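Enquirer: This is the structure I have questions about; it appears just below.
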Amino acid sequence: MLAIETRALCKRYGACMVVEDVSLNVPQGCVYGFLGPNGSGKTTTMRLLLGLLKPDGGTIHLNGHDLRRHSRMALAHVGAFVESTSLYEHLDARSNLQITCHLLEIPLADVDRVLEIVELRADAKARVGTFSLGMKQRLALARALLGSPRLLLLDEPTNGLDPDGIVAMRELIRQLPGQIGGTVFVSSHMLAEVQQIAHHAGLMLNGRLIIQNDVRSLLGTDQIVAITVDDAVLAKAVLEAKGMTVEQDANSILRLYCSDSCSPSQQASAANRALIEAGLQVAAIAPEERTLEDVYRNAIARHPAGERQAA
Ligand SMILES: Nc1ncnc2c1ncn2[C@@H]1O[C@H](COP(=O)(O)OP(=O)(O)OP(=O)(O)O)[C@@H](O)[C@H]1O
């Protein structure tokens, strides 16, 4: 059973389709990074998942329950913060959480548990108006954690945070699946951040989910070998004469594009041998690490929706 499963989810505003044919597969127990530039449809999708918006087409299942038919069961173990989080600034952190407990009929004892998780226990009696943005975000996260949800939806939790706040939130999110025994679905446009914490990722563009996979597969086995050599022009000619595909960048680093029939390490050895036989000095030769940013840029370049956006 998936934590979130949507099929052909659609939402339009007027004539504009802002979520189109989105089929999410979010496994249990993972951090799922829901990525995309501003306006790509992430928040709208999250509002659909929470039943705050009605879809124009498609289905949503949360923890195996159909959101349309059995919304109470589907949302029973879901916590969220979506967009600007409203906190009572004139009250202290504990009181803010207690109000939510009263509203949702959650035992007050849960307040200490969630304050502990977000590391705000020492500030429980401080007025929220005096909190930094990072502390407010963590308090909003604490509120979403009340009632022990098994699925947590977080919309841009690092928005507006300074570097320290981003690191603190990232570390919190990384640990959440273990702490809640469940799944964290987190939207962001900060790909490098998400790459550090997400096991799975989905990439949105112009309302469409253009890629979805586990992060390891998305980053793939390295298919490019970077080579630093004393004479890049000669080296390129030597490798091309051996039938290899090579490009030279502005810093005279060569990129060897590996063929499917050979692993990157085999190609690296073959290239190294050829260069040394040609009397060249190889300073460095190693598979190049890909990032989610690379994956995303490639996908946008290849995808028709990306061409529309670029036009
Ligand atoms: N209530 C609305 N009425 C009309 N259009 C809307 C409404 N809400 C969102 N949109 C449009 O839907 C598209 C997707 O917006 P959405 O907020 O879902 O994107 P997003 O990926 O979350 O962006 P951001 O990262 O900026 O929050 C945008 O073009 C936006 O202008």
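In the structure tokens, chains take letters A, B, ... by order of appearance, with residues numbered from 1 within each chain and ligands from 1 in the order shown.
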Once you count only C-alpha atoms and all ligand atoms, which residues end up within 10 Å of ligand 1, and could you hand them over as an MDAnalysis selection string?

Expert: chainID A and resid 11:19 34:48 53 82:83 155:156 159 187:190 204:207

Enquirer: I need the residues of region 124-311 of chain A that end up classed as helix (DSSP H, G or I) by DSSP on the backbone, written out as a PyMOL selection string.

Expert: chain A and resi 128-130+133-145+163-180+191-197+215-219+232-241+264-277+292-302+304-310

Enquirer: Give me a file of those residues, with C-alpha atoms, as an mmCIF file, in the first residue's frame.

Expert:
data_model
loop_
_atom_site.group_PDB
_atom_site.id
_atom_site.type_symbol
_atom_site.label_atom_id
_atom_site.label_comp_id
_atom_site.auth_asym_id
_atom_site.auth_seq_id
_atom_site.Cartn_x
_atom_site.Cartn_y
_atom_site.Cartn_z
ATOM 1 C CA VAL A 128 5.554 33.276 19.508
ATOM 2 C CA GLY A 129 5.773 36.937 18.387
ATOM 3 C CA THR A 130 9.373 36.922 19.666
ATOM 4 C CA LEU A 133 11.104 32.604 11.380
ATOM 5 C CA GLY A 134 12.948 29.291 11.771
ATOM 6 C CA MET A 135 11.397 28.783 15.224
ATOM 7 C CA LYS A 136 7.951 29.638 13.860
ATOM 8 C CA GLN A 137 8.394 27.094 11.064
ATOM 9 C CA ARG A 138 9.430 24.483 13.601
ATOM 10 C CA LEU A 139 6.403 25.319 15.745
ATOM 11 C CA ALA A 140 4.189 24.960 12.667
ATOM 12 C CA LEU A 141 5.807 21.580 12.087
ATOM 13 C CA ALA A 142 5.134 20.650 15.722
ATOM 14 C CA ARG A 143 1.483 21.515 15.206
ATOM 15 C CA ALA A 144 1.342 19.292 12.126
ATOM 16 C CA LEU A 145 2.827 16.470 14.228
ATOM 17 C CA PRO A 163 21.112 29.010 6.156
ATOM 18 C CA ASP A 164 21.104 27.876 9.807
ATOM 19 C CA GLY A 165 17.315 27.580 9.772
ATOM 20 C CA ILE A 166 17.461 25.575 6.548
ATOM 21 C CA VAL A 167 19.982 23.144 8.024
ATOM 22 C CA ALA A 168 17.914 22.744 11.213
ATOM 23 C CA MET A 169 14.718 22.088 9.240
ATOM 24 C CA ARG A 170 16.526 19.694 6.893
ATOM 25 C CA GLU A 171 17.861 17.635 9.803
ATOM 26 C CA LEU A 172 14.428 17.562 11.403
ATOM 27 C CA ILE A 173 12.775 16.337 8.221
ATOM 28 C CA ARG A 174 15.473 13.735 7.648
ATOM 29 C CA GLN A 175 14.630 12.131 10.983
ATOM 30 C CA LEU A 176 10.863 12.405 10.745
ATOM 31 C CA PRO A 177 10.046 9.105 8.978
ATOM 32 C CA GLY A 178 11.734 7.226 11.856
ATOM 33 C CA GLN A 179 10.133 9.412 14.504
ATOM 34 C CA ILE A 180 6.569 9.235 13.187
ATOM 35 C CA LEU A 191 16.721 20.785 -5.391
ATOM 36 C CA ALA A 192 20.092 20.584 -3.654
ATOM 37 C CA GLU A 193 18.380 20.675 -0.264
ATOM 38 C CA VAL A 194 15.926 17.952 -1.160
ATOM 39 C CA GLN A 195 18.638 15.784 -2.688
ATOM 40 C CA GLN A 196 20.191 15.547 0.770
ATOM 41 C CA ILE A 197 17.097 14.213 2.521
ATOM 42 C CA VAL A 215 16.513 9.492 -5.925
ATOM 43 C CA ARG A 216 19.259 6.907 -6.394
ATOM 44 C CA SER A 217 17.795 5.809 -9.713
ATOM 45 C CA LEU A 218 17.225 9.408 -10.779
ATOM 46 C CA LEU A 219 20.852 10.237 -10.161
ATOM 47 C CA ALA A 232 42.977 18.616 -23.656
ATOM 48 C CA VAL A 233 42.859 19.196 -27.429
ATOM 49 C CA LEU A 234 45.248 16.328 -28.186
ATOM 50 C CA ALA A 235 43.558 14.097 -25.598
ATOM 51 C CA LYS A 236 40.179 14.697 -27.194
ATOM 52 C CA ALA A 237 41.570 13.703 -30.595
ATOM 53 C CA VAL A 238 43.178 10.561 -29.128
ATOM 54 C CA LEU A 239 39.943 9.437 -27.462
ATOM 55 C CA GLU A 240 37.803 10.231 -30.487
ATOM 56 C CA ALA A 241 40.150 8.175 -32.645
ATOM 57 C CA PRO A 264 31.929 4.123 -16.545
ATOM 58 C CA SER A 265 34.849 2.547 -14.684
ATOM 59 C CA GLN A 266 35.711 0.360 -17.709
ATOM 60 C CA GLN A 267 35.514 3.399 -19.974
ATOM 61 C CA ALA A 268 37.650 5.406 -17.570
ATOM 62 C CA SER A 269 40.347 2.687 -17.581
ATOM 63 C CA ALA A 270 40.290 2.434 -21.377
ATOM 64 C CA ALA A 271 40.548 6.206 -21.734
ATOM 65 C CA ASN A 272 43.333 6.411 -19.165
ATOM 66 C CA ARG A 273 45.314 3.717 -21.005
ATOM 67 C CA ALA A 274 44.873 5.415 -24.384
ATOM 68 C CA LEU A 275 45.961 8.798 -23.029
ATOM 69 C CA ILE A 276 49.056 7.421 -21.278
ATOM 70 C CA GLU A 277 50.042 5.454 -24.430
ATOM 71 C CA LEU A 292 18.979 16.478 -9.012
ATOM 72 C CA GLU A 293 19.586 19.864 -10.603
ATOM 73 C CA ASP A 294 21.246 18.098 -13.604
ATOM 74 C CA VAL A 295 18.390 15.603 -13.794
ATOM 75 C CA TYR A 296 15.865 18.407 -13.693
ATOM 76 C CA ARG A 297 17.627 20.555 -16.291
ATOM 77 C CA ASN A 298 17.898 17.555 -18.647
ATOM 78 C CA ALA A 299 14.249 16.674 -18.132
ATOM 79 C CA ILE A 300 13.116 20.239 -18.802
ATOM 80 C CA ALA A 301 15.217 20.395 -21.955
ATOM 81 C CA ARG A 302 13.743 17.122 -23.226
ATOM 82 C CA PRO A 304 7.620 19.400 -24.397
ATOM 83 C CA ALA A 305 6.237 21.254 -21.347
ATOM 84 C CA GLY A 306 9.753 22.582 -20.768
ATOM 85 C CA GLU A 307 9.994 23.837 -24.320
ATOM 86 C CA ARG A 308 6.692 25.637 -23.848
ATOM 87 C CA GLN A 309 7.998 27.272 -20.708
ATOM 88 C CA ALA A 310 11.310 28.204 -22.263
#

Enquirer: How many Å separate CA of Val22 (chain A) from CA of Gly58 (chain A)?

Expert: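 Here the two named atoms are 8.3 Å from each other.
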
Enquirer: Please extract the residues of region 165-273 of chain A with a backbone DSSP assignment of strand (DSSP E) and present them as number ranges by chain.

Expert: A: 183-188, 200-205, 208-214, 224-229, 245-248, 253-257

Enquirer: How would the residues just picked look written out with C-alpha atoms as a compact mmCIF listing (two decimals), in the first residue's frame?

Expert:
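Result file is again_25.txt:
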# COMPACT_ATOMS: atom_id res chain seq x y z
CA THR A 183 5.99 9.18 5.37
CA VAL A 184 6.97 12.79 4.73
CA PHE A 185 5.87 14.47 1.48
CA VAL A 186 7.73 17.75 1.19
CA SER A 187 7.49 20.33 -1.57
CA SER A 188 10.39 22.57 -2.46
CA HIS A 200 12.10 9.58 -3.68
CA ALA A 201 11.39 12.62 -5.80
CA GLY A 202 8.80 13.86 -8.24
CA LEU A 203 9.51 16.80 -10.52
CA MET A 204 6.67 19.09 -11.60
CA LEU A 205 6.71 21.38 -14.60
CA ARG A 208 2.69 17.97 -15.03
CA LEU A 209 4.73 15.40 -13.16
CA ILE A 210 7.59 14.98 -15.62
CA ILE A 211 9.77 12.61 -13.58
CA GLN A 212 9.20 10.39 -10.57
CA ASN A 213 11.53 7.80 -9.12
CA ASP A 214 13.72 6.95 -6.18
CA ILE A 224 30.00 10.67 -17.51
CA VAL A 225 33.72 10.51 -16.75
CA ALA A 226 35.54 13.81 -16.17
CA ILE A 227 39.17 13.91 -17.29
CA THR A 228 41.81 16.53 -16.47
CA VAL A 229 44.83 16.21 -18.75
CA THR A 245 32.40 10.51 -27.41
CA VAL A 246 34.16 13.41 -25.71
CA GLU A 247 33.45 17.08 -25.05
CA GLN A 248 35.78 19.74 -23.78
CA ILE A 253 38.16 19.44 -18.62
CA LEU A 254 37.09 16.61 -20.91
CA ARG A 255 33.79 14.82 -20.42
CA LEU A 256 33.64 11.29 -21.71
CA TYR A 257 30.11 10.08 -22.39

Enquirer: Between A:Leu67, A:Leu280, A:Leu152, A:Arg94, which is the closest to Cys30 (chain A) once you count only C-alpha atoms?

Expert: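 For Cys30 (chain A), the nearest of the candidates is A:Leu152.
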
Enquirer: Fewer than 3 positions away in the same chain doesn't count, so skip those; otherwise give me all residues within 8 Å of Asp230 (chain A), counting only C-alpha atoms, as a PDB file with C-alpha atoms, in the first residue's frame.

Expert:
ATOM      1  CA  LEU A 280      49.754  12.521 -22.134  1.00  0.00           C
ATOM      2  CA  GLN A 281      49.733  13.328 -18.402  1.00  0.00           C
ATOM      3  CA  VAL A 282      46.405  12.489 -16.786  1.00  0.00           C
ATOM      4  CA  ALA A 283      45.945  14.558 -13.614  1.00  0.00           C
TER       5      ALA A 283
END

Enquirer: Which value, in Å to one decimal, gives the distance between CA of Cys262 (chain A) and CA of Lys242 (chain A)?

Expert: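 Separation between CA of Cys262 (chain A) and CA of Lys242 (chain A): 13.9 Å.
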
Enquirer: Which residue, A:Tyr88, A:Arg127, A:Asp112, A:Gly79, has the smallest gap to Ser148 (chain A) when you use only C-alpha atoms?

Expert: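 So, comparing all the options, the nearest one is A:Gly79.
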